>>> print(open('query.cif').read())   # mmCIF, C-alpha atoms
data_protein
#
loop_
_atom_site.label_atom_id
_atom_site.label_comp_id
_atom_site.auth_asym_id
_atom_site.auth_seq_id
_atom_site.Cartn_x
_atom_site.Cartn_y
_atom_site.Cartn_z
CA MET X 1123 3.57 -5.43 10.28
CA LEU X 1124 4.94 -7.40 7.31
CA ARG X 1125 6.05 -6.16 3.94
CA VAL X 1126 7.91 -7.64 0.97
CA ALA X 1127 11.48 -6.38 1.12
CA GLU X 1128 12.92 -8.22 -1.90
CA GLN X 1129 11.57 -10.36 -4.73
CA TYR X 1130 12.66 -12.29 -7.81
CA VAL X 1131 10.71 -13.76 -10.74
CA GLY X 1132 12.20 -16.02 -13.39
CA THR X 1133 11.01 -18.62 -15.90
CA ASP X 1134 12.77 -20.86 -18.40
CA THR X 1135 11.49 -23.17 -21.13
CA GLY X 1136 13.88 -25.92 -20.04
CA ARG X 1137 15.90 -28.21 -22.27
CA GLN X 1138 13.24 -30.61 -23.51
CA ARG X 1139 10.19 -28.43 -24.18
CA ARG X 1140 9.64 -26.24 -27.23
CA ALA X 1141 7.29 -23.78 -25.54
CA ASN X 1142 6.81 -22.41 -22.06
CA GLU X 1143 3.35 -23.14 -20.65
CA ASP X 1144 4.05 -21.53 -17.28
CA SER X 1145 2.68 -18.11 -16.33
CA MET X 1146 3.31 -16.02 -13.26
CA LEU X 1147 2.29 -12.83 -11.49
CA ALA X 1148 4.51 -10.87 -9.11
CA ARG X 1149 2.68 -7.77 -7.96
CA SER X 1150 3.52 -7.34 -4.30
CA PRO X 1151 1.91 -8.37 -1.98
CA LEU X 1152 0.34 -10.92 -4.39
CA PHE X 1153 2.33 -13.65 -6.14
CA VAL X 1154 0.96 -16.43 -8.39
CA VAL X 1155 2.47 -19.33 -10.36
CA ALA X 1156 0.45 -21.37 -12.89
CA ASP X 1157 1.70 -24.41 -14.81
CA GLY X 1158 -0.49 -25.09 -17.85
CA MET X 1159 -1.21 -28.41 -19.52
CA GLY X 1160 -2.76 -29.33 -22.86
CA GLY X 1161 -1.65 -29.65 -26.48
CA ALA X 1162 -1.43 -27.05 -29.27
CA GLN X 1163 -0.48 -24.26 -26.86
CA ALA X 1164 -3.63 -24.87 -24.82
CA GLY X 1165 -1.56 -25.09 -21.65
CA GLU X 1166 -0.22 -21.60 -22.24
CA VAL X 1167 -3.77 -20.32 -22.64
CA ALA X 1168 -4.96 -22.02 -19.45
CA SER X 1169 -2.13 -20.68 -17.30
CA ARG X 1170 -2.57 -17.19 -18.74
CA LEU X 1171 -6.31 -17.20 -18.03
CA ALA X 1172 -5.57 -18.26 -14.45
CA ILE X 1173 -3.16 -15.36 -13.97
CA GLU X 1174 -5.61 -12.88 -15.47
CA SER X 1175 -8.10 -13.66 -12.70
CA PHE X 1176 -5.60 -12.28 -10.18
CA GLN X 1177 -4.36 -9.28 -12.20
CA HIS X 1178 -6.15 -6.59 -10.22
CA GLY X 1179 -5.23 -7.81 -6.75
CA LEU X 1180 -7.44 -8.78 -3.84
CA ASP X 1181 -10.64 -6.84 -3.24
CA ASP X 1182 -11.02 -8.13 0.32
CA THR X 1183 -7.74 -8.44 2.23
CA THR X 1184 -9.50 -9.08 5.55
CA ASP X 1185 -10.21 -12.63 4.33
CA ALA X 1186 -7.20 -13.32 2.13
CA GLU X 1187 -7.81 -17.08 1.98
CA GLY X 1188 -11.41 -16.58 0.90
CA SER X 1189 -10.44 -14.01 -1.73
CA LEU X 1190 -7.70 -16.22 -3.18
CA ALA X 1191 -10.10 -19.16 -3.37
CA ALA X 1192 -12.77 -17.02 -5.04
CA TYR X 1193 -10.33 -15.86 -7.71
CA ALA X 1194 -9.16 -19.43 -8.29
CA ARG X 1195 -12.75 -20.59 -8.76
CA ALA X 1196 -13.37 -17.74 -11.20
CA ALA X 1197 -10.27 -18.83 -13.12
CA ASN X 1198 -11.59 -22.39 -13.21
CA VAL X 1199 -14.87 -21.22 -14.73
CA SER X 1200 -13.06 -19.13 -17.35
CA ILE X 1201 -10.72 -21.95 -18.37
CA HIS X 1202 -13.46 -24.59 -18.41
CA GLU X 1203 -15.75 -22.46 -20.56
CA ARG X 1204 -12.94 -21.81 -23.03
CA SER X 1205 -12.13 -25.51 -23.22
CA GLN X 1206 -15.78 -26.32 -23.95
CA THR X 1207 -16.20 -23.76 -26.73
CA ASN X 1208 -12.86 -24.18 -28.51
CA ALA X 1209 -11.90 -27.59 -29.84
CA GLU X 1210 -8.19 -26.71 -29.86
CA HIS X 1211 -8.35 -26.02 -26.12
CA ALA X 1212 -10.40 -29.03 -25.12
CA GLY X 1213 -9.17 -30.63 -21.91
CA MET X 1214 -6.73 -27.86 -21.09
CA GLY X 1215 -5.97 -27.02 -17.48
CA THR X 1216 -3.41 -25.52 -15.15
CA THR X 1217 -2.05 -25.89 -11.66
CA LEU X 1218 -2.06 -22.85 -9.41
CA THR X 1219 -0.21 -21.62 -6.35
CA ALA X 1220 -1.09 -18.14 -5.07
CA VAL X 1221 0.44 -16.34 -2.08
CA TYR X 1222 -0.72 -13.13 -0.43
CA VAL X 1223 1.46 -11.38 2.16
CA GLY X 1224 -0.77 -9.78 4.77
CA ALA X 1225 0.04 -7.65 7.80
CA GLU X 1226 0.93 -10.67 9.96
CA GLU X 1227 0.22 -13.83 7.95
CA VAL X 1228 0.93 -15.32 4.56
CA ALA X 1229 -2.18 -16.81 2.92
CA ILE X 1230 -1.92 -19.55 0.28
CA ALA X 1231 -4.37 -20.97 -2.28
CA HIS X 1232 -3.30 -24.12 -4.08
CA VAL X 1233 -4.48 -26.48 -6.81
CA GLY X 1234 -2.32 -29.20 -8.39
CA ASP X 1235 1.37 -30.02 -8.08
CA SER X 1236 3.07 -26.64 -8.03
CA ARG X 1237 4.89 -25.99 -4.76
CA ALA X 1238 5.37 -23.36 -2.06
CA TYR X 1239 8.19 -23.38 0.52
CA CYS X 1240 9.40 -21.22 3.38
CA LEU X 1241 13.09 -20.84 4.25
CA ARG X 1242 13.29 -20.07 7.96
CA ASP X 1243 16.17 -20.38 10.43
CA GLY X 1244 18.24 -22.32 7.92
CA GLY X 1245 15.54 -24.93 7.25
CA LEU X 1246 13.26 -25.33 4.23
CA LEU X 1247 9.61 -25.96 5.09
CA ARG X 1248 7.20 -27.31 2.47
CA LEU X 1249 3.96 -25.35 2.89
CA ILE X 1250 1.74 -27.43 0.62
CA GLU X 1251 1.55 -31.16 0.11
CA HIS X 1252 0.50 -33.14 -2.92
CA PRO X 1253 -0.58 -36.75 -2.37
CA GLN X 1254 0.76 -38.12 -5.67
CA ARG X 1255 3.63 -36.10 -7.01
CA SER X 1256 3.59 -37.71 -10.47
CA VAL X 1257 -0.14 -37.27 -11.02
CA ILE X 1258 -2.10 -34.03 -11.18
CA THR X 1259 -5.08 -35.01 -9.06
CA ARG X 1260 -6.68 -31.59 -9.43
CA ALA X 1261 -6.27 -28.70 -11.83
CA LEU X 1262 -8.15 -25.61 -12.90
CA GLY X 1263 -10.22 -26.12 -16.05
CA PRO X 1264 -10.99 -29.78 -16.71
CA GLU X 1265 -14.12 -29.80 -14.53
CA PRO X 1266 -16.81 -27.14 -13.99
CA GLU X 1267 -16.04 -27.10 -10.25
CA VAL X 1268 -12.76 -27.57 -8.41
CA GLU X 1269 -11.67 -27.89 -4.80
CA ILE X 1270 -9.24 -25.17 -3.69
CA ASP X 1271 -6.83 -25.80 -0.80
CA THR X 1272 -6.19 -22.73 1.34
CA ARG X 1273 -4.24 -22.10 4.51
CA SER X 1274 -2.42 -19.32 6.32
CA TYR X 1275 0.92 -19.22 8.11
CA ARG X 1276 2.25 -16.84 10.72
CA ALA X 1277 5.22 -15.17 9.05
CA ARG X 1278 8.46 -14.00 10.63
CA ASP X 1279 10.93 -11.28 9.85
CA GLY X 1280 13.46 -12.61 7.30
CA ASP X 1281 11.32 -15.47 5.96
CA VAL X 1282 12.01 -16.34 2.31
CA TYR X 1283 9.10 -17.84 0.35
CA LEU X 1284 9.57 -19.91 -2.80
CA LEU X 1285 6.78 -20.57 -5.33
CA CYS X 1286 7.66 -22.81 -8.26
CA SER X 1287 6.33 -25.08 -10.96
CA ASP X 1288 7.19 -28.76 -10.90
CA GLY X 1289 9.83 -28.17 -13.55
CA LEU X 1290 12.04 -27.18 -10.62
CA THR X 1291 10.99 -29.69 -7.97
CA THR X 1292 11.11 -32.75 -10.24
CA MET X 1293 14.71 -31.89 -11.10
CA VAL X 1294 16.05 -30.51 -7.82
CA PRO X 1295 15.44 -32.27 -4.47
CA ASP X 1296 14.38 -30.28 -1.44
CA ALA X 1297 17.78 -30.60 0.25
CA LEU X 1298 19.51 -29.00 -2.74
CA LEU X 1299 16.83 -26.28 -2.91
CA ALA X 1300 17.69 -25.32 0.66
CA GLU X 1301 21.42 -25.46 -0.01
CA ILE X 1302 21.13 -23.13 -3.01
CA LEU X 1303 18.90 -20.67 -1.18
CA LEU X 1304 21.25 -20.52 1.81
CA ALA X 1305 24.28 -20.06 -0.42
CA HIS X 1306 23.07 -16.82 -2.01
CA GLY X 1307 22.30 -13.61 -0.19
CA ARG X 1308 20.47 -11.94 -3.06
CA LEU X 1309 17.23 -13.49 -4.25
CA ARG X 1310 18.11 -12.82 -7.88
CA ASP X 1311 21.29 -14.86 -7.53
CA ALA X 1312 19.41 -17.64 -5.74
CA GLY X 1313 16.64 -17.73 -8.35
CA GLU X 1314 19.06 -17.90 -11.27
CA ALA X 1315 20.99 -20.66 -9.51
CA LEU X 1316 17.79 -22.69 -8.97
CA ILE X 1317 16.85 -22.47 -12.65
CA ALA X 1318 20.40 -23.40 -13.68
CA ALA X 1319 20.35 -26.41 -11.34
CA ALA X 1320 17.08 -27.68 -12.86
CA ASN X 1321 18.51 -27.37 -16.37
CA GLU X 1322 21.75 -29.06 -15.37
CA ALA X 1323 19.71 -31.97 -14.02
CA GLY X 1324 17.97 -32.41 -17.37
CA GLY X 1325 15.45 -29.57 -17.63
CA ARG X 1326 12.63 -31.89 -18.66
CA ASP X 1327 9.88 -29.31 -18.08
CA ASN X 1328 9.32 -25.57 -17.94
CA ILE X 1329 10.91 -24.00 -14.85
CA THR X 1330 9.34 -21.06 -13.02
CA VAL X 1331 10.71 -19.60 -9.78
CA VAL X 1332 9.23 -16.81 -7.65
CA LEU X 1333 11.11 -15.75 -4.51
CA LEU X 1334 10.14 -13.15 -1.93
CA ARG X 1335 11.67 -12.07 1.36
CA VAL X 1336 9.46 -10.50 4.03
CA GLU X 1337 10.49 -8.16 6.78
CA GLU X 1338 8.82 -6.80 9.90
CA VAL X 1339 8.34 -3.04 9.98
CA ALA X 1340 7.25 -1.11 13.05
CA LEU X 1341 4.10 0.96 12.87
CA ALA X 1342 4.62 4.70 13.18
CA PRO X 1343 4.30 5.84 16.82
CA ALA X 1344 1.21 7.77 17.76
CA SER X 1345 1.61 11.50 17.22
CA LEU X 1346 1.73 13.80 20.23
CA ALA X 1347 -1.15 15.60 18.61
CA ASP X 1348 -3.29 12.64 19.57
CA ASP X 1349 -2.99 13.68 23.22
CA PRO X 1350 -3.92 17.34 23.67
CA ALA X 1351 -3.04 17.13 27.35
CA THR X 1352 0.64 16.91 26.41
CA LEU X 1353 0.57 20.10 24.37
CA THR X 1354 0.37 23.76 25.21
CA GLY X 1355 -0.89 26.57 23.05
CA ILE X 1356 -2.93 24.17 20.81
CA PRO X 1357 -6.72 24.02 20.99
CA ALA X 1358 -8.08 20.89 22.67
CA LEU X 1359 -11.32 19.10 21.92
CA GLY X 1360 -14.14 19.47 24.39
CA ALA X 1361 -16.49 16.73 25.50
CA ASN X 1362 -18.88 17.49 22.63
CA GLY X 1363 -16.11 17.57 20.03
CA SER X 1364 -15.92 21.37 19.90
CA VAL X 1365 -12.68 23.27 20.17
CA GLU X 1366 -11.97 24.75 23.58
CA PRO X 1367 -9.78 27.85 23.43
CA ILE X 1368 -6.77 27.85 25.68
CA SER X 1369 -6.29 31.14 27.48
CA PRO X 1370 -2.89 32.73 27.04
CA ALA X 1371 -0.66 32.37 30.05
CA VAL X 1372 -0.51 35.43 32.29
CA GLU X 1373 2.88 36.04 33.77
CA GLU X 1374 2.59 36.58 37.49
CA PRO X 1375 4.69 39.23 39.22
CA GLN X 1376 7.41 38.01 41.50
CA SER X 1377 5.89 39.59 44.66
CA ARG X 1378 2.51 38.77 46.13
CA ILE X 1379 0.97 39.79 49.41
CA GLY X 1380 -1.17 36.96 50.66
CA GLY X 1381 -2.51 34.10 48.65
CA GLY X 1382 -5.52 35.82 47.14
CA ALA X 1383 -4.59 39.50 47.28
CA ALA X 1384 -4.05 41.55 44.14
CA PRO X 1385 -0.45 41.72 42.91
CA VAL X 1386 1.67 44.63 44.15
CA THR X 1387 3.09 46.85 41.42
CA LEU X 1388 6.08 49.11 42.06
CA GLU X 1389 5.99 52.60 40.58
CA PRO X 1390 9.24 53.92 39.15
CA PRO X 1391 10.83 56.96 40.77
CA LEU X 1392 9.53 60.28 39.49
CA ALA X 1393 12.91 61.16 38.11
CA LEU X 1394 12.79 58.11 35.87
CA ALA X 1395 9.16 58.39 34.89
CA ALA X 1396 9.68 60.74 31.98
CA GLU X 1397 12.64 58.76 30.73
CA SER X 1398 10.69 55.51 30.86
CA GLU X 1399 8.12 56.94 28.48
CA HIS X 1400 10.76 56.99 25.72
CA ARG X 1401 12.20 53.56 26.37
CA VAL X 1402 11.19 50.55 24.34
CA SER X 1403 9.80 47.75 26.43
CA PRO X 1404 12.14 44.76 26.47
CA ARG X 1405 9.16 42.59 25.52
CA SER X 1406 8.34 44.58 22.39
CA PRO X 1407 10.27 44.28 19.14
CA ARG X 1408 12.53 47.19 18.40
CA GLN X 1409 10.88 49.52 15.92
CA PRO X 1410 12.89 51.22 13.18
CA PRO X 1411 13.09 55.01 13.36
CA PRO X 1412 10.57 56.95 11.26
CA GLY X 1413 11.53 57.16 7.59
CA ALA X 1414 14.08 54.31 7.81
CA PRO X 1415 14.13 51.90 4.82
CA PRO X 1416 12.88 48.32 5.38
CA ARG X 1417 15.42 45.80 6.51
CA PRO X 1418 16.94 44.12 3.40
CA ARG X 1419 17.95 40.92 5.18
CA ARG X 1420 14.43 40.05 6.20
CA ARG X 1421 13.10 40.77 2.72
CA ARG X 1422 15.77 38.61 1.11
CA ARG X 1423 15.03 35.78 3.54
CA LEU X 1424 11.31 35.95 2.81
CA ARG X 1425 12.02 35.99 -0.91
CA ARG X 1426 14.21 32.90 -0.66
CA VAL X 1427 11.55 31.05 1.33
CA LEU X 1428 8.89 31.99 -1.22
CA VAL X 1429 10.98 30.93 -4.22
CA THR X 1430 11.94 27.65 -2.53
CA GLY X 1431 8.30 26.89 -1.78
CA ILE X 1432 7.27 27.58 -5.39
CA VAL X 1433 10.06 25.37 -6.77
CA LEU X 1434 9.15 22.50 -4.45
CA ALA X 1435 5.49 22.80 -5.37
CA VAL X 1436 6.29 22.71 -9.10
CA LEU X 1437 8.57 19.70 -8.65
CA ALA X 1438 5.88 17.90 -6.65
CA LEU X 1439 3.34 18.56 -9.42
CA ILE X 1440 5.75 17.29 -12.07
CA ALA X 1441 6.53 14.15 -10.05
CA ALA X 1442 2.83 13.49 -9.49
CA GLY X 1443 2.16 13.91 -13.20
CA VAL X 1444 4.95 11.52 -14.15
CA TYR X 1445 3.74 8.94 -11.63
CA VAL X 1446 0.12 9.10 -12.81
CA THR X 1447 1.17 8.87 -16.45
CA ALA X 1448 3.50 5.96 -15.74
CA GLN X 1449 0.61 3.99 -14.31
CA SER X 1450 -1.34 4.25 -17.57
CA VAL X 1451 1.29 3.53 -20.24
CA TYR X 1452 2.90 0.20 -21.13
CA PHE X 1453 5.58 -1.10 -23.46
CA ILE X 1454 6.79 -4.51 -24.58
CA GLY X 1455 10.36 -5.69 -24.15
CA THR X 1456 12.26 -8.75 -22.98
CA ASN X 1457 13.45 -9.82 -19.57
CA SER X 1458 16.92 -11.06 -18.63
CA ARG X 1459 16.05 -14.51 -20.00
CA GLY X 1460 14.91 -13.25 -23.40
CA LEU X 1461 11.18 -13.78 -22.80
CA VAL X 1462 8.71 -11.25 -24.17
CA THR X 1463 7.63 -9.17 -21.18
CA LEU X 1464 4.98 -6.52 -20.59
CA TYR X 1465 6.20 -3.50 -18.63
CA SER X 1466 4.30 -0.56 -17.15
CA GLY X 1467 5.82 2.91 -17.15
CA PHE X 1468 8.49 4.50 -19.32
CA PRO X 1469 11.46 2.59 -20.82
CA TYR X 1470 14.08 4.74 -19.12
CA GLU X 1471 16.46 4.47 -16.19
CA LEU X 1472 17.62 7.56 -14.31
CA PRO X 1473 21.08 8.05 -12.79
CA GLY X 1474 21.49 6.06 -9.63
CA GLY X 1475 19.64 3.06 -11.02
CA LEU X 1476 16.15 4.57 -10.59
CA LYS X 1477 13.88 2.78 -13.07
CA LEU X 1478 10.79 4.45 -14.45
CA TYR X 1479 9.20 1.09 -15.29
CA ALA X 1480 8.08 -2.09 -13.56
CA LYS X 1481 7.61 -5.65 -14.78
CA ASP X 1482 3.91 -6.37 -15.21
CA TYR X 1483 3.65 -9.74 -16.98
CA VAL X 1484 6.18 -12.29 -18.28
CA SER X 1485 5.00 -14.37 -21.20
CA GLY X 1486 6.24 -17.82 -22.12
CA VAL X 1487 7.36 -16.66 -25.59
CA SER X 1488 11.05 -16.34 -26.30
CA ALA X 1489 11.98 -13.39 -28.51
CA THR X 1490 14.24 -15.69 -30.53
CA THR X 1491 11.17 -17.48 -31.91
CA LEU X 1492 9.94 -14.27 -33.57
CA SER X 1493 10.89 -13.10 -37.03
CA ALA X 1494 13.38 -10.25 -37.31
CA GLN X 1495 10.68 -7.89 -38.58
CA ARG X 1496 8.32 -8.84 -35.73
CA ARG X 1497 11.03 -8.24 -33.13
CA LYS X 1498 11.78 -4.86 -34.67
CA THR X 1499 8.19 -3.64 -34.58
CA LEU X 1500 7.15 -5.29 -31.32
CA LEU X 1501 10.18 -4.71 -29.09
CA ASP X 1502 10.86 -1.08 -30.01
CA HIS X 1503 9.62 0.11 -26.57
CA SER X 1504 6.75 2.07 -28.11
CA LEU X 1505 4.33 3.32 -25.46
CA ARG X 1506 0.92 1.65 -25.64
CA SER X 1507 -2.26 1.41 -23.62
CA GLU X 1508 -2.61 -1.53 -21.26
CA ALA X 1509 -5.30 -3.09 -23.47
CA ASP X 1510 -3.26 -2.81 -26.67
CA ALA X 1511 -0.04 -4.10 -25.11
CA ALA X 1512 -1.81 -7.02 -23.39
CA GLU X 1513 -3.58 -7.95 -26.62
CA LEU X 1514 -0.29 -8.11 -28.51
CA VAL X 1515 1.27 -10.35 -25.86
CA ARG X 1516 -1.85 -12.53 -25.83
CA SER X 1517 -1.68 -12.89 -29.63
CA LEU X 1518 1.95 -13.95 -29.31
CA GLU X 1519 1.09 -16.60 -26.75
CA LEU X 1520 -1.70 -17.94 -28.95
CA GLY X 1521 0.68 -18.21 -31.90
CA GLU X 1522 -1.25 -15.63 -33.94
CA LEU X 1523 1.86 -13.47 -34.40
CA LYS X 1524 5.17 -14.82 -35.66
#
>>> encode(input="query.cif", output="structure tokens")
Amino acid sequence: MLRVAEQYVGTDTGRQRRANEDSMLARSPLFVVADGMGGAQAGEVASRLAIESFQHGLDDTTDAEGSLAAYARAANVSIHERSQTNAEHAGMGTTLTAVYVGAEEVAIAHVGDSRAYCLRDGGLLRLIEHPQRSVITRALGPEPEVEIDTRSYRARDGDVYLLCSDGLTTMVPDALLAEILLAHGRLRDAGEALIAAANEAGGRDNITVVLLRVEEVALAPASLADDPATLTGIPALGANGSVEPISPAVEEPQSRIGGGAAPVTLEPPLALAAESEHRVSPRSPRQPPPGAPPRPRRRRRLRRVLVTGIVLAVLALIAAGVYVTAQSVYFIGTNSRGLVTLYSGFPYELPGGLKLYAKDYVSGVSATTLSAQRRKTLLDHSLRSEADAAELVRSLELGELK
């Protein structure tokens, strides 16, 4: 069974663009990159609308390709309708590359000239092809209907998948992409190096990089409780599903006369009979003499067990409460590249590097473009609802807040 063991998400405006029209989603096991196009910030709107269609994950993971295609078509409808009703957004569109990591396969949905690669056994495999690299032959938004390319690949333990906008691939050739990926063990280091390489080559467009490494994990072995025949002293299920009691084992005496005869019991000598009445059977627990106080050790042990159980239960309740609350609160900050970012959870980090927050959405707005007063009020890590925080970020992307 596959799972995502490591991931990295990064985006950069580049050296020749004033705004970042790329959007991305990294919510394991779903990853999406969208590269918007259109004037007056319309490209930013198109890519954001595309990402919003995937925000809640896949409803049907049994048909990952079909689900990805359905979400892409829904995004196309949303973008096209916006472009038809708003003159400023007329003609806007976006490319899209979406990847879903399933139990055994990686499913991909693709529109336009964004790319997806797989690094395997030292070689870089291009997973999607585009017939004319310099021309966007298809995009989400310009037309009421769009053709979605989908495919699935059998994944292997250790595979590294790269999703990126063409701001990377037009600046960095595939051979150098592979060289950079192989030169860095950590995906964060590799991702930062890829963005730096694109900027060093000219940085003519926005650069977005999503990296993920998958690993194979073994399923938990079947419990012994699944096979009642291997257990003793535990009720087994009968043919009709009812519980069949297991009779307690009867210890047989050591001497038998004949195969089916009753067991022979040996009577103690008369001289020992009276004495035996006062002896405690070796199979019975020793009883304290009448009037003796209860054993303090046992009471202390029971008390310790009880207190420990209560403490663990309280801690579990507190942890559950923190987790549930963290899923419903959001705050706005910046990522390592200075872009305004929406986070879920609490803006704190515990000792040992345990973060109480997770990155939810990275906008294309650099905090340096905001006024000092706006940065002070927006990036103060105030806790907000998801709707309020998302609306603020959306207003920033639309240029409604400065």
>>> closest_residue(input="query.cif", among="X:Arg1310, X:Tyr1239, X:Ala1196, X:Asn1208", to="X:Val1268", atoms="only C-alpha atoms")
X:Ala1196
>>> closest_residue(input="query.cif", among="X:Leu1152, X:Val1336, X:Leu1262, X:Leu1247", to="X:Val1199", atoms="only C-alpha atoms")
X:Leu1262
>>> closest_residue(input="query.cif", among="X:Val1155, X:Val1131, X:Leu1180, X:Ala1297", to="X:His1232", atoms="all atoms listed in the file")
X:Val1155
>>> residues_around(input="query.cif", residues="X:Leu1523", least_positions_apart="6", cutoff="10 Å", atoms="all atoms listed in the file", output="list of chain:residue names")
X:Leu1492, X:Ser1493, X:Arg1496, X:Leu1514, X:Val1515, X:Arg1516, X:Ser1517
>>> resolve_selection(input="query.cif", expression="the PyMOL selection byres ((chain X and resi 1229) around 6)", output="ChimeraX atom specification")
/X:1187,1221-1222,1228,1230,1273-1274
>>> axis_aligned_box(input="query.cif", around="stretch 1312-1330 of chain X", padding_each_side="5 Å", output="lines of an AutoDock Vina configuration file")
center_x = 15.5
center_y = -25.0
center_z = -12.2
size_x = 22.4
size_y = 24.8
size_z = 22.9
>>> closest_residue(input="query.cif", among="X:Ser1150, X:Glu1128, X:Ala1194, X:Thr1135", to="X:Ala1320", atoms="all atoms listed in the file")
X:Thr1135
>>> closest_residue(input="query.cif", among="X:Leu1501, X:Leu1424, X:Val1331, X:Ala1512", to="X:Asp1482", atoms="all atoms listed in the file")
X:Ala1512
>>> closest_residue(input="query.cif", among="X:Leu1472, X:Ala1318, X:Met1214, X:Leu1147", to="X:Pro1264", atoms="only C-alpha atoms")
X:Met1214
>>> residues_around(input="query.cif", residues="X:Ile1454", least_positions_apart="3", cutoff="10 Å", atoms="only C-alpha atoms", output="JSON, numbers by chain")
{"X": [1457, 1462, 1463, 1464, 1465, 1466, 1469, 1481, 1482, 1483, 1500, 1501, 1502, 1503, 1504, 1505, 1506, 1511, 1512, 1514, 1515]}
>>> atom_distance(input="query.cif", atom1="atom CA of X:Val1126", atom2="atom CA of X:Met1146")
17.1 Å
